[in-house]
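Structure record follows, encoded as structure tokens.
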Amino acid sequence: MTTTTPSVELSGITKRFPGVVANRDVNIKAQAGHVHAIVGENGAGKSTLMNILYGLLRPDEGTIHVDGREVSFASPSDAIAAGIGMVHQHFKLADNFTVLENVVLGAEPTRGGRLDFEAARQRITEISQRYGLEVETDALVEELGVGDRQRVEILKVLYRGARILILDEPTAVLVPQEVDELFDALRELKGEGLTVIFISHKLDEVLSVADEITVIRRGTTVTTVEDPRSVTARQLAELMVGSELPVPELRESTVQDRVMLTADGLTLTLPDGRTVLSDVTFSIRSGEILGIAGVEGNGQAELVEAVMGVRRPTSGTVHLGGEDVSHWSTRQRREAGLAYIPEDRTRSALLLEAPLWENRMLGHQTMAPNARGPLLNRGGARADTERIVREYDVRTPSIDVAASALSGGNQQKLIVGREMTGEPQVLVAAHPTRGVDVGAQAAIWEHIRNARAAGLAVLLISADLDELIGMSDRLTVIFRGQLVADFDPRQVTPQQLGSAMTGAGEAA
Amino acid sequence: MRRRFDLRSVLIALAAPVLAILFSVVVISVVLLAVGDNPFDVFSKMIEYGTQPRTEVLILNSATIYYFSAVAVAIGFKMNLFNIGVDGQYRLAAFAAAVVGGSINLPAPLHVLVILVTAVLVGAMWAGIAAVLRAYRGVSEVISTIMLNFIATGVIAYLLQPGRLAVEVQGSNNIGTEPIPPSGQVPGMAIIPGTESKVYGLAILAVLVGFGYWFLLNRTRFGFDLRATGMSESAAVSSGVDIKRMIVAAMLLSGAVAGLVGMPQLLGSSYSYSLDFPAGLGFTGIAIALLGRNNAVGIAFGALLWGFLDNSAQILDLEGVPKEIVTIMQGTIVLSVVIAYELVRRYRLREQQRLTGQATAEPTGIGPGADEREGAPA
Amino acid sequence: MRRVIKVAAIAMAGALTLAACGGDSDGGGASAGSSVSPASYKVGLAYDIGGRGDQSFNDAAARGLDQAQKEFNFEKKELEASAGETDAQKEERLRLLATGGYNPIIAVGFAYATALKAVSAEFPDTSFAIIDDASFTAANVANLVFAEEQGSFLVGAIAASASKTGNIGFIGGVNTPLLQKFEAGYTQGAKAVNADITVQVKYLTQPPDFTGFNDPAKGKTTAQGMIDNKADVVYAAAGGSGSGAFEAAKAAAGPWGIGVDSDQYKLPSLAKVKDIILTSMIKRVDVAVYQFVKSYNDGAPATGIQTFDLAKEGVGYSTSNPAVAEYTAKADEFKEKIISGEITVSAKP
């Protein structure tokens, strides 16, 4: 089986952008009937490579062979014609269309100029049964869960006749149980002789599903592991990073007696009658990190907003350092020492078009060193930005570049640096290391640990269970707006957490 | 390194409008050739006429009015608020100011001040209605300001009647408010040599407003909040900006400046609000704000360019060239400036990303960018 | 004989112009007046917004100019206003004409009053005329104004006579004092015939929105509304919007329409609806322009307020639609009374 012609072969692919080489001499062979994983840090060049394979970019050097024939893609439609399909990390579905409509969108079957939905329905049912991708064809996409939506994306690609599937970080949005379902489907696909190219940086998952693994570091292929059983996740990670790997872990407890943040009976009912937060009560003490686990969309975002004062809860109170701040504005809370790392960095934490030093002021525009009375203190802000860039290792040519020019990890380091400045009392950190590279992740963990040791109280919300378990003093699970289970992070397993998160299991 | 970086960006910033104007000159030349006129003749006539001292005064005067209008629009734009209502705001403000100015008699500086304050307050109030509707009822300011323009027209039409707030002039088919006595008028300035025509005294106010606009946006906390809201509402909210208050504040400011649009004409030339008081300047302001990229200095250039085009159109009419050509020219310039800036913005971003990519690669020295770095600029 | 006079007149005008330049007074060149001779003077005309082709009073002014040009030998230049311009720009337009040697210069519309006041003082040797304004007078300015209320009185009387329902309508283009004169005369004329008559009054737009003069759709719905309210004669004093009003009347089969400014029964653009245009209130802007140019041509440019009223045939009503014949006797009777002063028509509604 391994001696047959590879279904996809990339040889010597090099892609230069002005001033940088995104890919250099990349060589990958993926066999039909295999799941071929490509792993690498964020920014290692995986996306560029996949965009080349999908026809979005043209390589400067190197060749692509599909089923032994050399191909050259001018656009994704050429790639699709060659049987290559891409399932993007962010779903590209029309919410108010049905599954059927979404699948056929762009490849509508017609008969005599009219849409022929019946033929399409038949084919979709056939495909979904063959590969175990069950979805209700007439359901509206907006009513579907994340896992279902992903299946729709895969169906869409298969419907267009793809024999080679590229899945870009497909598990980033899934809970463990959904991941398992996805992997079952992938096994069906390869059993039917399809080629699956699976991009991820979650190494445990890669090891469980892949038949071959190619590691990319700094734009080039470092090695290809032909037998996944021969490596451990840690070895893989070190191949990715090229050095030792950070682990999220806390050392000794630094919890003090003083309660810094208390939420009491927070309840939020939306105008449409849905209750998204229901009687949420917790308190965090100085030097303590409280982790909140949960499948996305179970009220985490609303909880953070209620604590930050962005959203007024229907009932319940928030106390900050013993003071009732329930009626304070976000700005007052921030001025009182509440720091905030929002969930969506590019939407809520940065002004992408503004230079770094202006971004340093964001959220702190009323405080020293950024302001003097009603006026801005540009000198102060700039000097302090230089300090953050230095101390938090933000890689940038200057503090005058726009925030959008930085990589995700460097953006996040800037945000963390900003929020850690000014001696905050409490830090609300939502997914603080999401989408950042391993190096930045380690640095961010280290900064949070140091601040914890200095007495910072942290509310940590994350989808990365390893991070939650490793970085929390206490863990609690949020499900449908309620805190349903408490765990001791030293004893809990990701499986137990996963069950609680889906509402299946009971507290351990 | 930073110095060169800055110099480059200044050059790039200048390149955009210059290229845009050159591009529109080309487009207009094609249009002119198509209708059988010699573009070179047309342009040289416009320039020749536009540089005569008297025309220069007219251009400055038009630009003064346009500047107020464009700054008013730009304040909204900076926050992603589309204040289409500058037109209604300035007309109502000018009308109210004319009524107040014509009915009181105060020592000169005080009289002018009262008129200006009236205009600013009325303009702000009219914009404030749209602001409150947007902030607390979610009504799109585009729709409400358009409606308020119509309502302003109706209100003025109702009040501008003999027996209400208008006075009749014997033998005239025009009607207007009671003329503002000399103490409330702002004398012009004979600052252009070679002509007796005078530049509006309120041109100085336009300069001050421009400076204030720049200072407010770039040097104050309020301005930062405003820009932050415009760049990303969600980020501004997280940073503690009260969006509703900002909407109201920005609209009030926009309306206040809009209130000044009619003042140069009212206090420097017509002294009364009559049926033929210039209308539609609020829409010109939108175009000029786009042209000037909401930048205090950019808008000034945009206003002067617009003033030049508007006034030199007269000579085209006299020379038998359809003066609509100028309207086409204005449209083309706005469009090409918008496109040119977008191109430059993307170029800059790529440039910064490239530099950042290098900076990220630097510490190890073996990064993928290392071998390329020597040839790169900056 | 007439030709001789014409030749003489042109010669004289030429002489005057030359005299003004301090040239010789030996005019009367034999070749003057022939079609190949160079133009002896240049007439400038500044339109209000809309310009030539507006189907309304700018066009009427253009007609007067065209007619004058047919008879007299001159060069002409027509300039047009833009929306949203200030007095300064209007002033500049007139000044450009004056410095360009145009004399006489005609400003069409009251909006030019302020501008003309300034420019006429700057160029005392140039003759100016302004239409629809008498707010100021100067030795070198002719104020060409009309007694629109008198003409409207007559069509009002015709409307009341033709109405069977005792209900008629008035549509004004834009609510300005000028249009209110039309309304006032119309209502008075109608009441003079039938004291109990109902007159529905509507203006299409309010200043500074002058689109009411050029919005047939609005004219149509407004007229439709009046007809639905039992009006059976509608007077459309609304420029280009009138065509819409006539369409509404035509569609309703029965109601009459009354036109304005020119004899709209004869306008080619209204040929489809002409049979329901009972009459038109004629405002002879063309006559005013023609006569002003003629007076200049004759060497004695008119100055001061020139009121074009019924007595001077500056306003009137048209009789080209045969249907109006049965009402003309009464209308002419009122006309005599107005001319004699027995009836005074107020210009205010």
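FYI, nothing fancy with the structure tokens labels: chains A, B, ... in order, residues from 1 per chain, ligands from 1 as they appear.
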
Contacts of stretch 224-227 of chain B at 10 Å or less, counting only C-alpha atoms, minus same-chain residues fewer than 4 places along, as a PyMOL selection string?
-> (chain A and resi 351+354+358+361-363+365-366+375-376) or (chain B and resi 75-80+216-220+231-233+236-237+239-243+246-247+249-250)

Serialized selection, C-alpha atoms, as a PDB file, in the first residue's frame:
```
ATOM      1  CA  LEU A 351      -7.595  48.407  17.394  1.00  0.00           C
ATOM      2  CA  ALA A 354      -3.950  51.668  15.241  1.00  0.00           C
ATOM      3  CA  GLU A 358      -2.228  53.436  20.921  1.00  0.00           C
ATOM      4  CA  MET A 361      -3.645  52.816  25.902  1.00  0.00           C
ATOM      5  CA  LEU A 362      -6.795  50.903  25.069  1.00  0.00           C
ATOM      6  CA  GLY A 363      -8.651  50.042  28.233  1.00  0.00           C
ATOM      7  CA  GLN A 365      -6.813  55.472  28.425  1.00  0.00           C
ATOM      8  CA  THR A 366      -7.833  57.211  31.612  1.00  0.00           C
ATOM      9  CA  LEU A 375      -5.402  64.927  27.736  1.00  0.00           C
ATOM     10  CA  LEU A 376      -3.446  61.976  26.453  1.00  0.00           C
TER      11      LEU A 376
ATOM     12  CA  ILE B  75     -16.512  63.866  13.239  1.00  0.00           C
ATOM     13  CA  GLY B  76     -19.314  61.417  12.595  1.00  0.00           C
ATOM     14  CA  PHE B  77     -17.229  59.363  10.162  1.00  0.00           C
ATOM     15  CA  LYS B  78     -14.508  58.932  12.762  1.00  0.00           C
ATOM     16  CA  MET B  79     -17.044  57.027  14.809  1.00  0.00           C
ATOM     17  CA  ASN B  80     -18.669  55.275  11.875  1.00  0.00           C
ATOM     18  CA  LEU B 216      -9.534  66.786  20.188  1.00  0.00           C
ATOM     19  CA  LEU B 217      -9.011  63.638  18.166  1.00  0.00           C
ATOM     20  CA  ASN B 218      -5.328  63.146  18.695  1.00  0.00           C
ATOM     21  CA  ARG B 219      -4.505  64.728  21.999  1.00  0.00           C
ATOM     22  CA  THR B 220      -7.453  64.080  24.269  1.00  0.00           C
ATOM     23  CA  MET B 231     -12.131  51.535  14.674  1.00  0.00           C
ATOM     24  CA  SER B 232     -13.765  48.785  16.706  1.00  0.00           C
ATOM     25  CA  GLU B 233     -16.885  49.205  18.729  1.00  0.00           C
ATOM     26  CA  ALA B 236     -13.986  50.197  22.697  1.00  0.00           C
ATOM     27  CA  VAL B 237     -16.671  48.603  24.848  1.00  0.00           C
ATOM     28  CA  SER B 239     -11.890  49.190  27.094  1.00  0.00           C
ATOM     29  CA  GLY B 240     -14.646  50.899  29.056  1.00  0.00           C
ATOM     30  CA  VAL B 241     -16.077  53.322  26.523  1.00  0.00           C
ATOM     31  CA  ASP B 242     -19.767  54.020  27.011  1.00  0.00           C
ATOM     32  CA  ILE B 243     -20.892  53.706  23.412  1.00  0.00           C
ATOM     33  CA  MET B 246     -20.075  58.526  22.723  1.00  0.00           C
ATOM     34  CA  ILE B 247     -22.734  58.406  20.032  1.00  0.00           C
ATOM     35  CA  ALA B 249     -21.392  63.267  22.199  1.00  0.00           C
ATOM     36  CA  ALA B 250     -20.076  62.741  18.687  1.00  0.00           C
TER      37      ALA B 250
END
```

Identify all residues of stretch 142-218 of chain C in strand (DSSP E) (DSSP on the backbone) and supply them as a VMD selection string.
-> chain C and resid 142 to 146 167 to 174 198 to 205

Quick one: which chain C residues come within 6 Å of chain B, and what is the nearest atom pair for each with the distance in Å to one decimal, counting only C-alpha atoms, rows ordered by chain and ascending number, as JSON lines?
```
{"residue": "C:Gly84", "atom": "CA", "partner": "B:Pro278", "partner_atom": "CA", "distance": 4.6}
{"residue": "C:Glu85", "atom": "CA", "partner": "B:Pro278", "partner_atom": "CA", "distance": 5.6}
{"residue": "C:Thr86", "atom": "CA", "partner": "B:Pro278", "partner_atom": "CA", "distance": 5.5}
{"residue": "C:Ala111", "atom": "CA", "partner": "B:Asp276", "partner_atom": "CA", "distance": 5.9}
{"residue": "C:Asp133", "atom": "CA", "partner": "B:Ser172", "partner_atom": "CA", "distance": 4.8}
{"residue": "C:Ala134", "atom": "CA", "partner": "B:Gly171", "partner_atom": "CA", "distance": 4.2}
{"residue": "C:Ser135", "atom": "CA", "partner": "B:Ser172", "partner_atom": "CA", "distance": 4.5}
{"residue": "C:Pro177", "atom": "CA", "partner": "B:Asn173", "partner_atom": "CA", "distance": 5.8}
{"residue": "C:Leu178", "atom": "CA", "partner": "B:Asn173", "partner_atom": "CA", "distance": 5.3}
{"residue": "C:Gln206", "atom": "CA", "partner": "B:Ala157", "partner_atom": "CA", "distance": 5.9}
```

Near-A:Ile154 list (12 Å; only C-alpha atoms; drop same-chain fewer than 3 positions) as a PyMOL selection string | chain A and resi 84-89+91-93+99+102-103+124+127-128+131-135+147-151+157-168+170+182+185-186+189+196

What are the nearest atom pairs, with distances in Å to one decimal, for all residues of chain A that come at most 8 Å from chain B, using only C-alpha atoms, set out by chain and rising residue number as a Markdown table?
```
| residue | atom | partner | partner_atom | distance |
| --- | --- | --- | --- | --- |
| A:Pro18 | CA | B:Arg354 | CA | 6.7 |
| A:Gly19 | CA | B:Glu372 | CA | 5.6 |
| A:Val20 | CA | B:Gly369 | CA | 4.3 |
| A:Val21 | CA | B:Pro368 | CA | 5.3 |
| A:Ala22 | CA | B:Pro368 | CA | 7.0 |
| A:Arg24 | CA | B:Pro368 | CA | 7.7 |
| A:Arg218 | CA | B:Pro368 | CA | 6.3 |
| A:Gly219 | CA | B:Pro368 | CA | 6.8 |
| A:Met308 | CA | B:Ser238 | CA | 7.9 |
| A:Val310 | CA | B:Val237 | CA | 6.7 |
| A:Ser329 | CA | B:Gly240 | CA | 7.2 |
| A:Thr330 | CA | B:Gly240 | CA | 4.6 |
| A:Arg331 | CA | B:Gly240 | CA | 4.1 |
| A:Gln332 | CA | B:Gly240 | CA | 7.8 |
| A:Arg334 | CA | B:Gly240 | CA | 7.3 |
| A:Tyr340 | CA | B:Ser238 | CA | 8.0 |
| A:Pro342 | CA | B:Ser238 | CA | 7.6 |
| A:Arg347 | CA | B:Ala235 | CA | 5.9 |
| A:Ser348 | CA | B:Ala235 | CA | 3.7 |
| A:Ala349 | CA | B:Ala235 | CA | 5.2 |
| A:Leu350 | CA | B:Ala235 | CA | 6.0 |
| A:Leu351 | CA | B:Met231 | CA | 6.1 |
| A:Leu352 | CA | B:Met231 | CA | 7.8 |
| A:Glu353 | CA | B:Met231 | CA | 7.3 |
| A:Leu362 | CA | B:Ser239 | CA | 5.7 |
| A:Gly363 | CA | B:Ser239 | CA | 3.5 |
| A:His364 | CA | B:Ser239 | CA | 7.1 |
| A:Gln365 | CA | B:Arg221 | CA | 6.4 |
| A:Thr366 | CA | B:Arg221 | CA | 6.9 |
| A:Ala371 | CA | B:Arg221 | CA | 7.1 |
| A:Pro374 | CA | B:Arg221 | CA | 5.6 |
| A:Leu375 | CA | B:Thr220 | CA | 4.1 |
| A:Leu376 | CA | B:Thr220 | CA | 5.0 |
| A:Asn377 | CA | B:Arg219 | CA | 7.9 |
| A:Arg378 | CA | B:Arg219 | CA | 7.9 |
| A:Arg395 | CA | B:Thr360 | CA | 5.1 |
| A:Thr396 | CA | B:Thr356 | CA | 5.1 |
| A:Pro397 | CA | B:Ala359 | CA | 5.3 |
| A:Ser398 | CA | B:Arg2 | CA | 7.4 |
| A:Val401 | CA | B:Gln352 | CA | 6.1 |
| A:Ala402 | CA | B:Gln352 | CA | 7.4 |
| A:Ser404 | CA | B:Leu349 | CA | 7.7 |
| A:Ala405 | CA | B:Gln353 | CA | 4.4 |
| A:Leu406 | CA | B:Thr356 | CA | 6.4 |
```

Can those selected residues be exported to a file as a PDB file, in the first residue's frame so that it contains C-alpha atoms?
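For reference, out.pdb as written:
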```
ATOM      1  CA  PRO A  18       8.277  40.178  -0.031  1.00  0.00           C
ATOM      2  CA  GLY A  19      11.096  39.882   2.465  1.00  0.00           C
ATOM      3  CA  VAL A  20      10.164  36.551   3.989  1.00  0.00           C
ATOM      4  CA  VAL A  21      10.044  32.966   2.893  1.00  0.00           C
ATOM      5  CA  ALA A  22       6.835  31.376   4.074  1.00  0.00           C
ATOM      6  CA  ARG A  24      11.036  26.576   1.836  1.00  0.00           C
ATOM      7  CA  ARG A 218       9.804  27.698  10.252  1.00  0.00           C
ATOM      8  CA  GLY A 219       8.381  27.085   6.818  1.00  0.00           C
ATOM      9  CA  MET A 308     -16.651  43.400  33.300  1.00  0.00           C
ATOM     10  CA  VAL A 310     -20.193  45.374  29.584  1.00  0.00           C
ATOM     11  CA  SER A 329     -19.391  51.116  34.419  1.00  0.00           C
ATOM     12  CA  THR A 330     -16.707  49.064  32.719  1.00  0.00           C
ATOM     13  CA  ARG A 331     -14.360  51.993  32.959  1.00  0.00           C
ATOM     14  CA  GLN A 332     -14.878  52.409  36.690  1.00  0.00           C
ATOM     15  CA  ARG A 334     -11.094  48.849  35.150  1.00  0.00           C
ATOM     16  CA  TYR A 340      -9.335  42.007  31.123  1.00  0.00           C
ATOM     17  CA  PRO A 342     -11.050  39.338  26.112  1.00  0.00           C
ATOM     18  CA  ARG A 347     -12.438  42.110  17.922  1.00  0.00           C
ATOM     19  CA  SER A 348     -12.390  43.133  21.531  1.00  0.00           C
ATOM     20  CA  ALA A 349      -8.847  43.750  22.643  1.00  0.00           C
ATOM     21  CA  LEU A 350      -7.176  45.560  19.794  1.00  0.00           C
ATOM     22  CA  LEU A 351      -7.595  48.407  17.394  1.00  0.00           C
ATOM     23  CA  LEU A 352      -6.101  46.614  14.433  1.00  0.00           C
ATOM     24  CA  GLU A 353      -5.494  49.723  12.371  1.00  0.00           C
ATOM     25  CA  LEU A 362      -6.795  50.903  25.069  1.00  0.00           C
ATOM     26  CA  GLY A 363      -8.651  50.042  28.233  1.00  0.00           C
ATOM     27  CA  HIS A 364      -6.250  52.188  30.192  1.00  0.00           C
ATOM     28  CA  GLN A 365      -6.813  55.472  28.425  1.00  0.00           C
ATOM     29  CA  THR A 366      -7.833  57.211  31.612  1.00  0.00           C
ATOM     30  CA  ALA A 371      -3.357  60.237  30.355  1.00  0.00           C
ATOM     31  CA  PRO A 374      -8.423  64.951  30.034  1.00  0.00           C
ATOM     32  CA  LEU A 375      -5.402  64.927  27.736  1.00  0.00           C
ATOM     33  CA  LEU A 376      -3.446  61.976  26.453  1.00  0.00           C
ATOM     34  CA  ASN A 377       0.124  61.561  27.539  1.00  0.00           C
ATOM     35  CA  ARG A 378       1.591  60.312  24.316  1.00  0.00           C
ATOM     36  CA  ARG A 395       8.436  40.910  18.320  1.00  0.00           C
ATOM     37  CA  THR A 396       7.928  44.104  16.348  1.00  0.00           C
ATOM     38  CA  PRO A 397      10.123  46.436  14.347  1.00  0.00           C
ATOM     39  CA  SER A 398       8.651  49.464  16.037  1.00  0.00           C
ATOM     40  CA  VAL A 401       3.333  49.549  13.300  1.00  0.00           C
ATOM     41  CA  ALA A 402      -0.337  48.713  13.219  1.00  0.00           C
ATOM     42  CA  SER A 404      -2.704  43.973  12.582  1.00  0.00           C
ATOM     43  CA  ALA A 405       0.880  43.583  11.397  1.00  0.00           C
ATOM     44  CA  LEU A 406       1.794  41.431  14.403  1.00  0.00           C
TER      45      LEU A 406
END
```

Would you pick out the contacts of A:Ser472 at 6 Å or less, using only C-alpha atoms, so that residues sharing its chain but fewer than 5 positions from it are not included, and give the list as an mmCIF file with N, CA and C atoms, in the first residue's frame?
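The new file around_15.cif reads:
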```
data_model
loop_
_atom_site.group_PDB
_atom_site.id
_atom_site.type_symbol
_atom_site.label_atom_id
_atom_site.label_comp_id
_atom_site.auth_asym_id
_atom_site.auth_seq_id
_atom_site.Cartn_x
_atom_site.Cartn_y
_atom_site.Cartn_z
ATOM 1 N N ILE A 289 -6.381 31.196 41.147
ATOM 2 C CA ILE A 289 -6.899 31.146 39.778
ATOM 3 C C ILE A 289 -8.095 30.205 39.751
ATOM 4 N N LEU A 290 -9.248 30.745 39.361
ATOM 5 C CA LEU A 290 -10.438 29.917 39.220
ATOM 6 C C LEU A 290 -10.653 29.650 37.731
ATOM 7 N N GLY A 291 -10.619 28.375 37.367
ATOM 8 C CA GLY A 291 -10.817 28.032 35.961
ATOM 9 C C GLY A 291 -12.261 27.668 35.697
#
```

Identify, on the basis of only C-alpha atoms, every residue whose closest approach to B:Ala340 does not exceed 10 Å; exclude the query and any residue fewer than 5 positions from it along the same chain; express the result as a list in words.
-> Ala13, Ala15, Ala16, Pro17, Val18, Leu19, Ala20, Ile21, Phe23, Val334, Leu335, Arg345 and Arg346 of chain B

List the neighbours of C:Phe128 out to 9 Å using only C-alpha atoms; skip same-chain residues closer than 6 positions along the sequence, and give me the result as a list of chain:residue names.
->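 Answer for this query is C:Asn103, C:Pro104, C:Ile105, C:Ile106, C:Ala107, C:Leu116, C:Ser120, C:Asn140, C:Val141, C:Ala142, C:Asn143, C:Pro301, C:Thr303.
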
Near C:Gly257, within 12 Å and counting only C-alpha atoms, which residues show up once chain neighbours fewer than 6 positions away are dropped, as a ChimeraX atom specification?
-> /C:155-156,158-159,162-163,168-171,219-220,223-224,226-227,231-237,242-251,264-265,270,273-281,321,323-324

Write a file of the just-selected residues containing C-alpha atoms, as a short mmCIF file (atom, residue, chain, number, x, y, z; two decimals), in the first residue's frame.
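Result file is selection33.cif:
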```
data_model
loop_
_atom_site.label_atom_id
_atom_site.label_comp_id
_atom_site.auth_asym_id
_atom_site.auth_seq_id
_atom_site.Cartn_x
_atom_site.Cartn_y
_atom_site.Cartn_z
CA VAL C 155 -58.08 81.73 -15.34
CA GLY C 156 -59.65 81.48 -11.88
CA ILE C 158 -62.72 80.59 -16.21
CA ALA C 159 -62.16 77.67 -13.83
CA ALA C 162 -66.26 75.65 -16.14
CA SER C 163 -66.64 73.83 -12.83
CA ILE C 168 -61.44 73.49 -8.13
CA GLY C 169 -57.76 72.97 -7.38
CA PHE C 170 -54.56 74.97 -7.37
CA ILE C 171 -51.15 73.28 -7.51
CA GLY C 219 -47.86 66.75 -9.78
CA LYS C 220 -49.81 63.71 -10.87
CA ALA C 223 -53.85 66.40 -8.94
CA GLN C 224 -55.25 62.92 -8.53
CA MET C 226 -57.74 66.89 -5.74
CA ILE C 227 -59.83 65.17 -8.39
CA ALA C 231 -62.22 69.12 -8.02
CA ASP C 232 -63.03 69.27 -11.72
CA VAL C 233 -60.59 72.02 -12.73
CA VAL C 234 -56.95 72.02 -11.65
CA TYR C 235 -54.61 74.95 -12.21
CA ALA C 236 -51.05 73.69 -12.28
CA ALA C 237 -48.71 76.59 -11.58
CA GLY C 242 -47.78 70.40 -14.62
CA SER C 243 -47.57 67.60 -17.18
CA GLY C 244 -48.24 65.10 -14.41
CA ALA C 245 -51.27 67.04 -13.25
CA PHE C 246 -52.64 67.06 -16.80
CA GLU C 247 -52.11 63.32 -17.10
CA ALA C 248 -54.14 62.83 -13.94
CA ALA C 249 -56.94 65.00 -15.35
CA LYS C 250 -56.82 63.18 -18.67
CA ALA C 251 -56.96 59.79 -16.94
CA GLN C 264 -49.25 74.79 -22.88
CA TYR C 265 -51.97 73.65 -25.29
CA LEU C 270 -47.89 68.04 -23.98
CA VAL C 273 -52.98 65.74 -23.03
CA LYS C 274 -53.63 69.02 -24.79
CA ASP C 275 -57.35 68.46 -25.24
CA ILE C 276 -57.92 68.76 -21.49
CA ILE C 277 -55.81 71.91 -21.14
CA LEU C 278 -58.65 74.38 -21.08
CA THR C 279 -56.45 77.43 -21.05
CA SER C 280 -53.12 78.64 -19.74
CA MET C 281 -52.19 81.64 -17.64
CA ASN C 321 -58.27 75.32 -27.01
CA ALA C 323 -63.40 74.65 -25.52
CA VAL C 324 -62.52 77.84 -23.73
#
```

Go through B:Asn295, B:Ser254, B:Ser44, B:Asn83 and flag the residue nearest B:Glu141, using only C-alpha atoms for the distances.
->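 Among the listed residues, the smallest separation from B:Glu141 belongs to B:Asn83.
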
Can you tell me how far atom CA of C:Pro216 sits from atom CA of C:Gly189, in Å to one decimal?
->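 Atom CA of C:Pro216 sits 26.1 Å away from atom CA of C:Gly189.
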